$ cat protein.pdb   # PDB, C-alpha atoms
MODEL        1
ATOM      1  CA  MET A1360     -43.649  -9.071  28.093
ATOM      2  CA  SER A1361     -40.598  -6.973  27.257
ATOM      3  CA  ASP A1362     -37.424  -8.340  25.669
ATOM      4  CA  THR A1363     -35.565  -7.513  28.891
ATOM      5  CA  ALA A1364     -37.899  -9.678  30.943
ATOM      6  CA  VAL A1365     -37.517 -12.556  28.490
ATOM      7  CA  ALA A1366     -33.738 -12.288  28.671
ATOM      8  CA  ASP A1367     -33.805 -12.309  32.485
ATOM      9  CA  THR A1368     -35.904 -15.466  32.704
ATOM     10  CA  ARG A1369     -34.183 -17.369  29.901
ATOM     11  CA  ARG A1370     -32.506 -20.586  31.077
ATOM     12  CA  LEU A1371     -28.757 -20.778  30.681
ATOM     13  CA  ASN A1372     -27.445 -23.480  28.405
ATOM     14  CA  SER A1373     -25.339 -25.780  30.620
ATOM     15  CA  LYS A1374     -22.653 -28.042  29.258
ATOM     16  CA  PRO A1375     -23.750 -31.692  29.434
ATOM     17  CA  GLN A1376     -21.640 -33.858  31.774
ATOM     18  CA  ASP A1377     -19.697 -36.596  30.016
ATOM     19  CA  LEU A1378     -18.483 -39.903  31.469
ATOM     20  CA  THR A1379     -15.053 -38.484  32.276
ATOM     21  CA  ASP A1380     -16.544 -35.721  34.401
ATOM     22  CA  ALA A1381     -18.990 -38.074  36.102
ATOM     23  CA  TYR A1382     -16.653 -40.980  36.896
ATOM     24  CA  GLY A1383     -13.156 -39.505  36.699
ATOM     25  CA  PRO A1384     -11.023 -38.915  39.809
ATOM     26  CA  PRO A1385     -11.826 -35.745  41.787
ATOM     27  CA  SER A1386      -9.587 -32.731  41.344
ATOM     28  CA  ASN A1387      -8.332 -33.044  44.919
ATOM     29  CA  PHE A1388      -8.714 -36.116  47.071
ATOM     30  CA  LEU A1389      -7.228 -37.664  50.199
ATOM     31  CA  GLU A1390      -8.204 -41.164  51.289
ATOM     32  CA  ILE A1391      -6.854 -42.905  54.393
ATOM     33  CA  ASP A1392      -7.868 -46.404  55.415
ATOM     34  CA  ILE A1393      -7.011 -48.217  58.642
ATOM     35  CA  PHE A1394      -7.210 -51.966  58.146
ATOM     36  CA  ASN A1395      -5.585 -55.382  58.674
ATOM     37  CA  PRO A1396      -5.025 -55.297  62.461
ATOM     38  CA  GLN A1397      -2.397 -57.720  63.764
ATOM     39  CA  THR A1398      -1.651 -58.582  67.375
ATOM     40  CA  VAL A1399       1.970 -59.461  68.142
ATOM     41  CA  GLY A1400       4.071 -60.212  71.212
ATOM     42  CA  VAL A1401       3.269 -62.073  74.419
ATOM     43  CA  GLY A1402       2.401 -61.101  77.954
ATOM     44  CA  ARG A1403       2.820 -57.424  78.806
ATOM     45  CA  ALA A1404       4.706 -56.875  75.549
ATOM     46  CA  ARG A1405       1.641 -57.779  73.506
ATOM     47  CA  PHE A1406       0.135 -55.075  71.280
ATOM     48  CA  THR A1407      -1.900 -54.576  68.113
ATOM     49  CA  THR A1408      -0.751 -52.790  64.963
ATOM     50  CA  TYR A1409      -2.806 -51.465  62.049
ATOM     51  CA  GLU A1410      -1.992 -50.746  58.434
ATOM     52  CA  VAL A1411      -2.429 -47.102  57.475
ATOM     53  CA  ARG A1412      -2.911 -46.727  53.726
ATOM     54  CA  MET A1413      -3.098 -43.320  52.083
ATOM     55  CA  ARG A1414      -3.971 -42.275  48.543
ATOM     56  CA  THR A1415      -3.955 -38.646  47.435
ATOM     57  CA  ASN A1416      -3.143 -36.233  44.643
ATOM     58  CA  LEU A1417      -2.490 -33.266  46.924
ATOM     59  CA  PRO A1418       0.854 -31.638  46.031
ATOM     60  CA  ILE A1419       1.771 -31.168  49.701
ATOM     61  CA  PHE A1420       2.473 -34.918  50.020
ATOM     62  CA  LYS A1421       5.655 -36.295  48.492
ATOM     63  CA  LEU A1422       4.208 -39.788  47.994
ATOM     64  CA  LYS A1423       0.829 -40.159  46.330
ATOM     65  CA  GLU A1424       0.374 -43.671  47.702
ATOM     66  CA  SER A1425       1.825 -45.023  50.925
ATOM     67  CA  CYS A1426       1.199 -47.816  53.401
ATOM     68  CA  VAL A1427       2.746 -48.054  56.866
ATOM     69  CA  ARG A1428       2.000 -49.989  60.034
ATOM     70  CA  ARG A1429       1.204 -48.129  63.250
ATOM     71  CA  ARG A1430       0.149 -48.988  66.802
ATOM     72  CA  TYR A1431      -2.086 -47.043  69.191
ATOM     73  CA  SER A1432       0.873 -45.331  70.893
ATOM     74  CA  ASP A1433       1.963 -43.928  67.494
ATOM     75  CA  PHE A1434      -1.411 -42.233  67.151
ATOM     76  CA  GLU A1435      -0.930 -40.819  70.657
ATOM     77  CA  TRP A1436       2.467 -39.466  69.604
ATOM     78  CA  LEU A1437       0.953 -37.745  66.556
ATOM     79  CA  LYS A1438      -1.804 -36.179  68.648
ATOM     80  CA  ASN A1439       0.686 -34.843  71.196
ATOM     81  CA  GLU A1440       2.952 -33.398  68.486
ATOM     82  CA  LEU A1441       0.074 -31.589  66.791
ATOM     83  CA  GLU A1442      -1.224 -30.194  70.065
ATOM     84  CA  ARG A1443       2.236 -28.852  70.869
ATOM     85  CA  ASP A1444       3.303 -27.425  67.504
ATOM     86  CA  SER A1445       0.166 -26.620  65.496
ATOM     87  CA  LYS A1446      -2.697 -24.183  65.962
ATOM     88  CA  ILE A1447      -5.489 -26.636  65.211
ATOM     89  CA  VAL A1448      -7.960 -28.199  67.613
ATOM     90  CA  VAL A1449      -6.968 -31.875  67.618
ATOM     91  CA  PRO A1450      -9.902 -34.319  67.851
ATOM     92  CA  PRO A1451      -9.823 -36.958  70.589
ATOM     93  CA  LEU A1452      -8.540 -40.477  70.123
ATOM     94  CA  PRO A1453     -10.649 -43.517  70.990
ATOM     95  CA  GLY A1454     -10.255 -44.298  74.702
ATOM     96  CA  LYS A1455      -7.475 -46.437  76.165
ATOM     97  CA  ALA A1456     -10.036 -48.843  77.703
ATOM     98  CA  LEU A1457      -8.127 -49.209  80.987
ATOM     99  CA  LYS A1458     -10.758 -51.560  82.448
ATOM    100  CA  ARG A1459     -10.105 -53.979  79.618
ATOM    101  CA  GLN A1460      -6.425 -54.082  80.618
ATOM    102  CA  LEU A1461      -7.073 -55.342  84.159
ATOM    103  CA  PRO A1462      -5.670 -58.821  84.942
ATOM    104  CA  PHE A1463      -7.720 -61.973  85.457
ATOM    105  CA  ARG A1464     -10.391 -61.021  82.959
ATOM    106  CA  GLY A1465     -12.590 -63.699  81.464
ATOM    107  CA  ASP A1466     -11.972 -62.434  77.936
ATOM    108  CA  GLU A1467      -9.107 -61.132  75.819
ATOM    109  CA  GLY A1468      -9.564 -57.548  76.998
ATOM    110  CA  ILE A1469      -8.140 -55.068  74.514
ATOM    111  CA  PHE A1470      -7.277 -57.964  72.194
ATOM    112  CA  GLU A1471     -10.889 -59.032  71.679
ATOM    113  CA  GLU A1472     -11.806 -58.861  67.996
ATOM    114  CA  SER A1473     -14.843 -56.684  68.687
ATOM    115  CA  PHE A1474     -12.764 -54.153  70.631
ATOM    116  CA  ILE A1475      -9.992 -54.106  68.011
ATOM    117  CA  GLU A1476     -12.577 -53.386  65.304
ATOM    118  CA  GLU A1477     -14.127 -50.626  67.407
ATOM    119  CA  ARG A1478     -10.717 -49.062  67.950
ATOM    120  CA  ARG A1479      -9.829 -49.408  64.259
ATOM    121  CA  GLN A1480     -12.916 -47.414  63.297
ATOM    122  CA  GLY A1481     -12.093 -44.721  65.855
ATOM    123  CA  LEU A1482      -8.497 -44.427  64.668
ATOM    124  CA  GLU A1483      -9.644 -44.179  61.042
ATOM    125  CA  GLN A1484     -12.009 -41.328  61.888
ATOM    126  CA  PHE A1485      -9.270 -39.579  63.875
ATOM    127  CA  ILE A1486      -6.583 -39.691  61.175
ATOM    128  CA  ASN A1487      -8.967 -38.639  58.394
ATOM    129  CA  LYS A1488     -10.062 -35.577  60.375
ATOM    130  CA  ILE A1489      -6.438 -34.665  61.060
ATOM    131  CA  ALA A1490      -5.110 -35.227  57.538
ATOM    132  CA  GLY A1491      -8.012 -33.323  56.008
ATOM    133  CA  HIS A1492      -7.133 -30.137  57.892
ATOM    134  CA  PRO A1493      -5.098 -27.693  55.714
ATOM    135  CA  LEU A1494      -2.941 -26.549  58.651
ATOM    136  CA  ALA A1495      -2.189 -30.093  59.801
ATOM    137  CA  GLN A1496      -1.095 -31.013  56.273
ATOM    138  CA  ASN A1497       1.875 -28.662  56.678
ATOM    139  CA  GLU A1498       3.211 -30.405  59.785
ATOM    140  CA  ARG A1499       6.245 -32.668  59.409
ATOM    141  CA  CYS A1500       4.966 -35.039  62.082
ATOM    142  CA  LEU A1501       1.884 -35.884  59.982
ATOM    143  CA  HIS A1502       3.994 -36.601  56.901
ATOM    144  CA  MET A1503       6.289 -38.840  58.934
ATOM    145  CA  PHE A1504       3.340 -40.664  60.461
ATOM    146  CA  LEU A1505       1.666 -41.321  57.103
ATOM    147  CA  GLN A1506       4.579 -41.901  54.763
ATOM    148  CA  GLU A1507       7.715 -43.059  56.573
ATOM    149  CA  GLU A1508       8.267 -46.645  57.624
ATOM    150  CA  ALA A1509       9.581 -45.739  61.072
ATOM    151  CA  ILE A1510       8.763 -42.738  63.255
ATOM    152  CA  ASP A1511      11.772 -40.763  64.429
ATOM    153  CA  ARG A1512      10.805 -39.523  67.895
ATOM    154  CA  ASN A1513      13.884 -37.257  67.874
ATOM    155  CA  TYR A1514      12.906 -35.438  64.685
ATOM    156  CA  VAL A1515      13.000 -31.655  64.409
ATOM    157  CA  PRO A1516       9.436 -30.241  64.179
ATOM    158  CA  GLY A1517       8.771 -27.999  61.211
ATOM    159  CA  LYS A1518       6.512 -27.094  58.321
ATOM    160  CA  ILE A1519       6.216 -28.700  54.886
ATOM    161  CA  LEU A1520       5.941 -26.093  52.126
ATOM    162  CA  VAL A1521       4.914 -26.582  48.514
ATOM    163  CA  ARG A1522       6.869 -24.599  45.937
ATOM    164  CA  THR A1523       5.437 -24.113  42.479
ATOM    165  CA  GLN A1524       7.608 -23.838  39.384
ATOM    166  CA  LYS A1525       6.994 -20.104  39.264
ATOM    167  CA  GLU A1526       8.309 -19.574  42.785
ATOM    168  CA  LYS A1527      11.979 -18.726  43.124
ATOM    169  CA  LYS A1528      14.148 -19.276  46.156
ATOM    170  CA  VAL A1529      15.455 -16.003  47.523
ATOM    171  CA  PRO A1530      18.851 -16.227  49.220
ATOM    172  CA  VAL A1531      18.724 -15.505  52.943
ATOM    173  CA  SER A1532      21.434 -12.887  52.591
ATOM    174  CA  ALA A1533      19.293 -10.973  50.093
ATOM    175  CA  VAL A1534      16.311 -11.013  52.446
ATOM    176  CA  GLU A1535      18.453  -9.839  55.341
ATOM    177  CA  THR A1536      20.027  -7.057  53.284
ATOM    178  CA  SER A1537      16.630  -5.822  52.146
ATOM    179  CA  ALA A1538      15.352  -5.750  55.709
ATOM    180  CA  GLN A1539      18.428  -3.947  56.943
ATOM    181  CA  ILE A1540      18.238  -1.267  54.257
ATOM    182  CA  SER A1541      14.514  -0.716  54.881
ATOM    183  CA  ARG A1542      15.216  -0.299  58.562
ATOM    184  CA  HIS A1543      17.667   2.541  57.941
ATOM    185  CA  LEU A1544      16.056   4.358  55.008
ATOM    186  CA  PRO A1545      14.634   7.192  57.177
ATOM    187  CA  LEU A1546      18.094   7.748  58.614
ATOM    188  CA  LEU A1547      20.063   7.539  55.396
ATOM    189  CA  CYS A1548      17.804   9.423  52.986
ATOM    190  CA  GLY A1549      17.219  13.143  52.873
ATOM    191  CA  SER A1550      14.186  15.062  51.693
ATOM    192  CA  THR A1551      15.139  14.457  48.053
ATOM    193  CA  GLY A1552      15.124  10.697  48.560
ATOM    194  CA  THR A1553      18.833  10.354  47.687
ATOM    195  CA  LEU A1554      21.367   8.540  49.836
ATOM    196  CA  HIS A1555      23.699  10.819  51.806
ATOM    197  CA  THR A1556      27.357  10.264  50.925
ATOM    198  CA  LYS A1557      28.301  10.610  54.608
ATOM    199  CA  SER A1558      26.008   7.699  55.509
ATOM    200  CA  THR A1559      27.622   5.158  53.140
ATOM    201  CA  ALA A1560      30.090   4.038  55.800
ATOM    202  CA  LEU A1561      27.266   3.585  58.303
ATOM    203  CA  LEU A1562      25.292   1.421  55.853
ATOM    204  CA  SER A1563      28.314  -0.745  55.026
ATOM    205  CA  ALA A1564      29.070  -1.288  58.698
ATOM    206  CA  GLU A1565      25.453  -2.192  59.441
ATOM    207  CA  LEU A1566      25.215  -4.670  56.572
ATOM    208  CA  ALA A1567      28.345  -6.402  57.795
ATOM    209  CA  ARG A1568      26.706  -7.202  61.145
ATOM    210  CA  PRO A1569      24.583 -10.374  61.557
ATOM    211  CA  TYR A1570      20.856  -9.658  61.459
ATOM    212  CA  ARG A1571      17.999 -11.752  62.748
ATOM    213  CA  LEU A1572      14.515 -11.388  61.316
TER
ENDMDL
END

$ encode --input "protein.pdb" --output "structure tokens"
Amino acid sequence: MSDTAVADTRRLNSKPQDLTDAYGPPSNFLEIDIFNPQTVGVGRARFTTYEVRMRTNLPIFKLKESCVRRRYSDFEWLKNELERDSKIVVPPLPGKALKRQLPFRGDEGIFEESFIEERRQGLEQFINKIAGHPLAQNERCLHMFLQEEAIDRNYVPGKILVRTQKEKKVPVSAVETSAQISRHLPLLCGSTGTLHTKSTALLSAELARPYRL
């Protein structure tokens, strides 16, 4: 057997895994638990809330640990916001169980412990699928749902961006000026690539006007 063949079949020496690698926290993780359901109110104003606890080390989230209390209608709000403002396919929520809300039932309906546990599991699956999606993680509504005590239904939808230390904020005026100049370079430059003196007044007048990207 040739030396080349021996070299090709030789096993690579792998670095042995130590306890830190085996049992240390993962490089990126996101854990969301739905637990501790509580039913409050009386009559038609009765409803159940759930604790939503999140742990993560993803830089997109401002808080690495948070715990808020949410009801089923809050999950509906989040689903509707994502369907309206994001480009992801939002998974379904567990059903509203309308038959369980009919009057004169022989049981507690939607407040039966077995149904509450079934709904809790469905809500936990829903929020973990949503929060694990990279595009959904940029939506302000998700951050508000997971990390703010109260949900502001009148909030302004938008994106959450992560800036590294190497990134620098560019003033809007500088971006606009660059775009304006690029737009007029064919007009203002001759064959030599130099700026015509006659066109200086045109450039100054154009830069003074408001410009929308």

$ resolve_selection --input "protein.pdb" --expression "the PyMOL selection byres ((chain A and resi 1397-1409) around 8)" --output "number ranges by chain"
A: 1393-1396, 1410-1411, 1428-1431, 1470, 1479

$ resolve_selection --input "protein.pdb" --expression "the PyMOL selection byres ((chain A and resi 1451) around 10)" --output "list of chain:residue names"
A:Glu1435, A:Lys1438, A:Val1448, A:Val1449, A:Pro1450, A:Leu1452, A:Pro1453, A:Gly1454, A:Gly1481, A:Leu1482, A:Gln1484, A:Phe1485

$ atom_distance --input "protein.pdb" --atom1 "atom CA of A:Ile1391" --atom2 "atom CA of A:Met1503"
14.5 Å

$ residues_around --input "protein.pdb" --residues "A:Val1515" --least-positions-apart "6" --cutoff "12 Å" --atoms "only C-alpha atoms" --output "number ranges by chain"
A: 1440, 1444, 1498-1500, 1503

$ residues_near_point --input "protein.pdb" --point "(5.1, -34.0, 58.8)" --cutoff "10 Å" --atoms "only C-alpha atoms" --output "list in words"
Phe1420, Leu1437, Glu1440, Leu1441, Ala1495, Gln1496, Asn1497, Glu1498, Arg1499, Cys1500, Leu1501, His1502, Met1503, Phe1504, Leu1505, Gln1506, Glu1507, Tyr1514, Val1515, Pro1516, Gly1517, Lys1518 and Ile1519 of chain A
